[in-house]
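Here is the structure we will look at, set down as structure tokens.
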Amino acid sequence: MKKRSVWFLSVICLLLLAACEKEPQAVKVTGISVNPTSLSLVEGETGSLTATVSPSDADDKTVIWDSSDKSVASVENGKVTALKAGSANITVKSVDGGFTASCSVSVSAKTVDVASISLSKEELTLKEGDSETITATVKPDDATDKTVTWTSSDPSVATVDGGKIEAVKEGTATVTAKAGDKTATCKVTVDKKVIAVESVELDKTEVELTEGDSVTLTATVKPDDATDKTVTWTSSDPSVATVDGGKIEAVKEGSATITAKSGEKSATCQVTVKKKVIAVESVELDKTEVELNEGDSVTLTATVKPDDATNKTVTWTSSDPAVAMVDGGKIEAVKEGTATITAKSGEKSATCQVTVKKVIAVESVELDKTEVELTEGDSVTLTATVKPDDATDKTVTWTSSDPAVATVDGGKIEAVKEGTATITAKSGEKSAACTVIVKAKVPEHPLAALFGDYTFTSPIVAFDEERENLVYTYASWEMAISPYEGSKSRIWIDKIVPLFSEGIGAEFFPHGEVCAEVSIDMKTITIDVPQQVEATASFWQIEEPLILYKCAGDDADAEFETFSGTITFTLQEDGSWRTTDSYGFSTESEVKNGFFYPYMNCYGGLSYDYPTYFVKNGTSTQGSMSPSRRMSSGKVSKTVRANGLRRVLGKIHLGF
């Protein structure tokens with residue numbers, strides 16, 4: 001602690017000694033200069049000034065810079081910045097002593113070229129006499145010279161002054177704006193000046209026409225130099241009057257207003273159309289004579305010519321309304337008599353003579369059948385008889401109580417399906433009925449093509465003892481092929497009727513049954529026949545057998561013999577069924593009281609020309625199969641009906 005105090009005292013003593021020494025004298029500024037003393041700059045440029053303080057060892061060399069026009073040039077630490085064109089003095093002043101020096105600065109303007117020029121419109125349409133000002137924009141904004149020069153490519157069309165364009169006359173011109181060496185253009189189109197229509201006048205303001213007539217109006221548009229003097233014509237009612245280019249056509253009776261319009265102006269003409277009177281030239285009726293029954297009616301049609309007659313109204317009258325009345329062409333028959341109906345139009349007329357007859361009512365209707373039985377698909381025609389014969393209206397109306405079972409048209413009944421229906425024939429207030437029973441249609445039998453009535457023919461020779469000669473003829477009889485119950489079909493032979501050339505005959509009624517086989521193709525029929533068949537000779541009323549013979553040979557000397565066995569019939573191209581030989585029957589009856597007895601036998605010559613055959617009735621073959629001219633023909637017309645049918649290909653029974 002003692003040492004520290006000593007040290008501190010020593011320092012104090014030293015400081016006191018130093019303060020007691022003599023203080024040195026300061027070096028003052030004696031002058032100042034600036035370099036350079038003049039400076040030329042361009043706006044935006046800078047320059048440097050140097051200030052020299054004398055003496056060089058002056059203690060305080062601090063200086064202060066200043067500009068006489070800070071808008072022209074500014075200075076900082078000797079750096080001069082040119083701000084705009086002009087002149088200024090830059091002064092430097094020493095702090096010590098206040099010595100000054102100055103530099104004259106001259107600032108010239110900076111040149112900025114035009115980079116571009118644009119117009120507010122590049123195309124402009126004006127009418128003659130109109131004007132519009134467009135604006136030019138020069139870039140950059142600080143271009144030294146932004147002056148714009150305006151020119152027109154055709155001042156006779158459009159002029160320009162300071163951007164204001166004046167439209168002179170119709171045409172096109174290009175307006176150019178130039179700044180520096182840059183340009184911009186605007187295409188100016190000048191349209192002709194529109195001179196509006198001020199008025200439209202018509203040479204007629206009222207017109208009266210007859211249908212079919214016409215007149216032409218003239219429209220005057222003012223002023224004469226109106227830009228568009230086009231006139232549009234319209235009619236308030238084209239159905240009355242039409243207009244085209246001022247020409248009015250009268251169409252039909254009525255009134256219409258014709259308007260002529262140009263621009264915004266218009267004028268009208270009132271048109272009155274009168275109906276054209278076309279006289280009636282003729283009246284014709286579709287009927288000149290009519291016959292009616294009391295209470296009936298008919299309508300006449302009247303045709304008035306020409307078609308365009310002004311008034312085609314027809315007036316109808318009757319010469320005697322008590323007989324026939326007429327209203328609008330409809331005639332009503334009142335009572336028996338005659339009357340004249342007149343149709344009149346204008347000055348022309350036509351007549352129709354009407355005869356009214358007294359009505360005779362139907363008293364009865366009768367049908368030729370009151371019950372009919374049919375099979376599905378079959379038909380039958382009924383005949384209706386209306387009484388009395390002089391009934392006024394004998395028209396018959398046919399109806400069916402159930403058309404699903406049987407239909408009827410004009411009396412023809414068509415069986416539709418199984419069931420019962422009543423067919424009614426009505427005339428006036430009377431009617432008659434027929435009950436129709438429709439049976440289901442049975443499927444067709446395999447042998448159906450064979451079923452039907454046939455004529456069977458066999459050669460015969462008879463000996464007349466008194467005349468001692470032979471009589472040649474043939475036996476012909478009816479038979480029927482029909483279905484046989486079970487699986488067979490049956491041939492029924494009704495009776496043998498030999499008729500001789502002298503016209504004397506006898507009847508033999510065969511009875512019994514003979515079986516026949518039918519081939520699958522239905523082209524052969526094979527019959528097993530016994531040698532004797534029991535029969536009745538009706539002429540003598542005796543029972544005698546018929547003996548079957550077969551002819552052997554094919555000439556006049558041919559032999560014959562009794563036969564019992566199989567006979568085959570083959571279907572020919574002409575539709576007949578033939579054997580290859582002749583077969584016949586014989587009886588042993590004797591002649592009494594001078595008559596000959598007939599016996600049936602074979603004769604050789606007949607075997608060659610006339611084999612035994614049968615043919616279906618109603619075919620063309622039937623007539624061509626008659627025996628030779630020395631034989632007279634005859635047959636019995638009788639058909640035996642078979643009971644039932646079956647769809648089985650099988651046997652035919654021959655009933656003798």
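Quick note on naming: the chains in the structure tokens go A, B, ... in the order shown, residues restart at 1 in each chain, and ligands are numbered from 1 in order of appearance.
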Hey, could you make a per-residue contact list for region 132-238 of chain A against region 113-124 of chain A with 8 Å as the cut-off, showing the nearest pair of atoms and its distance in Å to one decimal, counting only C-alpha atoms, sorted by chain and number, as JSON lines?
{"residue": "A:Ile134", "atom": "CA", "partner": "A:Ser120", "partner_atom": "CA", "distance": 5.7}
{"residue": "A:Thr135", "atom": "CA", "partner": "A:Ser120", "partner_atom": "CA", "distance": 5.2}
{"residue": "A:Ala136", "atom": "CA", "partner": "A:Leu119", "partner_atom": "CA", "distance": 4.6}
{"residue": "A:Thr137", "atom": "CA", "partner": "A:Ser118", "partner_atom": "CA", "distance": 5.3}
{"residue": "A:Val138", "atom": "CA", "partner": "A:Ile117", "partner_atom": "CA", "distance": 4.5}
{"residue": "A:Lys139", "atom": "CA", "partner": "A:Ser116", "partner_atom": "CA", "distance": 5.2}
{"residue": "A:Pro140", "atom": "CA", "partner": "A:Ala115", "partner_atom": "CA", "distance": 6.1}
{"residue": "A:Ala143", "atom": "CA", "partner": "A:Val114", "partner_atom": "CA", "distance": 5.4}
{"residue": "A:Thr144", "atom": "CA", "partner": "A:Asp113", "partner_atom": "CA", "distance": 6.2}
{"residue": "A:Asp145", "atom": "CA", "partner": "A:Val114", "partner_atom": "CA", "distance": 7.3}
{"residue": "A:Lys146", "atom": "CA", "partner": "A:Val114", "partner_atom": "CA", "distance": 7.0}
{"residue": "A:Ala177", "atom": "CA", "partner": "A:Ile117", "partner_atom": "CA", "distance": 7.8}
{"residue": "A:Lys178", "atom": "CA", "partner": "A:Ile117", "partner_atom": "CA", "distance": 7.4}
{"residue": "A:Ala179", "atom": "CA", "partner": "A:Val114", "partner_atom": "CA", "distance": 6.7}
{"residue": "A:Gly180", "atom": "CA", "partner": "A:Val114", "partner_atom": "CA", "distance": 5.7}
{"residue": "A:Asp181", "atom": "CA", "partner": "A:Val114", "partner_atom": "CA", "distance": 7.4}
{"residue": "A:Lys182", "atom": "CA", "partner": "A:Ser116", "partner_atom": "CA", "distance": 5.8}
{"residue": "A:Thr183", "atom": "CA", "partner": "A:Ile117", "partner_atom": "CA", "distance": 6.0}
{"residue": "A:Ala184", "atom": "CA", "partner": "A:Ser118", "partner_atom": "CA", "distance": 5.6}
{"residue": "A:Thr185", "atom": "CA", "partner": "A:Glu122", "partner_atom": "CA", "distance": 6.3}
{"residue": "A:Cys186", "atom": "CA", "partner": "A:Glu122", "partner_atom": "CA", "distance": 4.1}
{"residue": "A:Lys187", "atom": "CA", "partner": "A:Glu123", "partner_atom": "CA", "distance": 4.6}
{"residue": "A:Val188", "atom": "CA", "partner": "A:Leu124", "partner_atom": "CA", "distance": 4.8}
{"residue": "A:Thr189", "atom": "CA", "partner": "A:Leu124", "partner_atom": "CA", "distance": 6.2}
- Query: Mind checking DSSP for region 145-249 of chain A and telling me the strand (DSSP E) residues as a VMD selection string?
  - Reply: chain A and resid 149 to 152 158 to 161 164 to 167 171 to 179 182 to 191 199 to 202 206 to 210 214 to 216 219 to 222 232 to 235 241 to 244 247 to 249
Would you list the contacts of Ile423 (chain A) as a PDB file with N, CA, C and O atoms, in the first residue's frame, taking every protein, DNA or RNA residue within 8 Å and counting only C-alpha atoms, but skipping same-chain residues closer than 3 positions in sequence?
ATOM      1  N   TRP A 398    -128.038 -59.508 -94.430  1.00  0.00           N
ATOM      2  CA  TRP A 398    -127.659 -60.786 -93.824  1.00  0.00           C
ATOM      3  C   TRP A 398    -126.763 -60.530 -92.609  1.00  0.00           C
ATOM      4  O   TRP A 398    -125.830 -59.735 -92.673  1.00  0.00           O
ATOM      5  N   THR A 399    -127.047 -61.227 -91.519  1.00  0.00           N
ATOM      6  CA  THR A 399    -126.202 -61.114 -90.327  1.00  0.00           C
ATOM      7  C   THR A 399    -126.002 -62.488 -89.711  1.00  0.00           C
ATOM      8  O   THR A 399    -126.820 -63.409 -89.906  1.00  0.00           O
ATOM      9  N   SER A 400    -124.898 -62.612 -88.983  1.00  0.00           N
ATOM     10  CA  SER A 400    -124.599 -63.857 -88.268  1.00  0.00           C
ATOM     11  C   SER A 400    -124.564 -63.549 -86.786  1.00  0.00           C
ATOM     12  O   SER A 400    -123.983 -62.536 -86.362  1.00  0.00           O
ATOM     13  N   SER A 401    -125.171 -64.408 -85.987  1.00  0.00           N
ATOM     14  CA  SER A 401    -125.162 -64.203 -84.537  1.00  0.00           C
ATOM     15  C   SER A 401    -123.768 -64.415 -83.963  1.00  0.00           C
ATOM     16  O   SER A 401    -123.455 -63.912 -82.890  1.00  0.00           O
ATOM     17  N   VAL A 408    -121.557 -64.595 -93.034  1.00  0.00           N
ATOM     18  CA  VAL A 408    -122.492 -64.603 -94.151  1.00  0.00           C
ATOM     19  C   VAL A 408    -122.314 -63.324 -94.950  1.00  0.00           C
ATOM     20  O   VAL A 408    -122.099 -62.243 -94.397  1.00  0.00           O
ATOM     21  N   ALA A 433    -134.657 -66.945 -90.231  1.00  0.00           N
ATOM     22  CA  ALA A 433    -133.387 -67.404 -89.678  1.00  0.00           C
ATOM     23  C   ALA A 433    -133.076 -68.824 -90.117  1.00  0.00           C
ATOM     24  O   ALA A 433    -133.973 -69.615 -90.420  1.00  0.00           O
ATOM     25  N   CYS A 434    -131.775 -69.111 -90.142  1.00  0.00           N
ATOM     26  CA  CYS A 434    -131.293 -70.456 -90.450  1.00  0.00           C
ATOM     27  C   CYS A 434    -130.233 -70.801 -89.418  1.00  0.00           C
ATOM     28  O   CYS A 434    -129.292 -70.026 -89.182  1.00  0.00           O
ATOM     29  N   THR A 435    -130.402 -71.957 -88.785  1.00  0.00           N
ATOM     30  CA  THR A 435    -129.432 -72.410 -87.794  1.00  0.00           C
ATOM     31  C   THR A 435    -128.291 -73.124 -88.502  1.00  0.00           C
ATOM     32  O   THR A 435    -128.518 -74.056 -89.289  1.00  0.00           O
ATOM     33  N   VAL A 436    -127.089 -72.685 -88.235  1.00  0.00           N
ATOM     34  CA  VAL A 436    -125.904 -73.281 -88.869  1.00  0.00           C
ATOM     35  C   VAL A 436    -125.113 -74.025 -87.806  1.00  0.00           C
ATOM     36  O   VAL A 436    -124.727 -73.447 -86.784  1.00  0.00           O
TER      37      VAL A 436
END
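You will find CA of Val365 (chain A) at 16.9 Å from CA of Asp409 (chain A).
For the residues A:Glu206, A:Asp453, A:Asp237, A:Asp213, ranking by smallest atom-to-atom distance to Gly618 (chain A) using only C-alpha atoms places A:Asp453 first.
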- Quick one, how far is CA of Thr338 (chain A) from CA of Asp286 (chain A)?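 Taking CA of Thr338 (chain A) as the start and CA of Asp286 (chain A) as the end point, the length is 18.7 Å.
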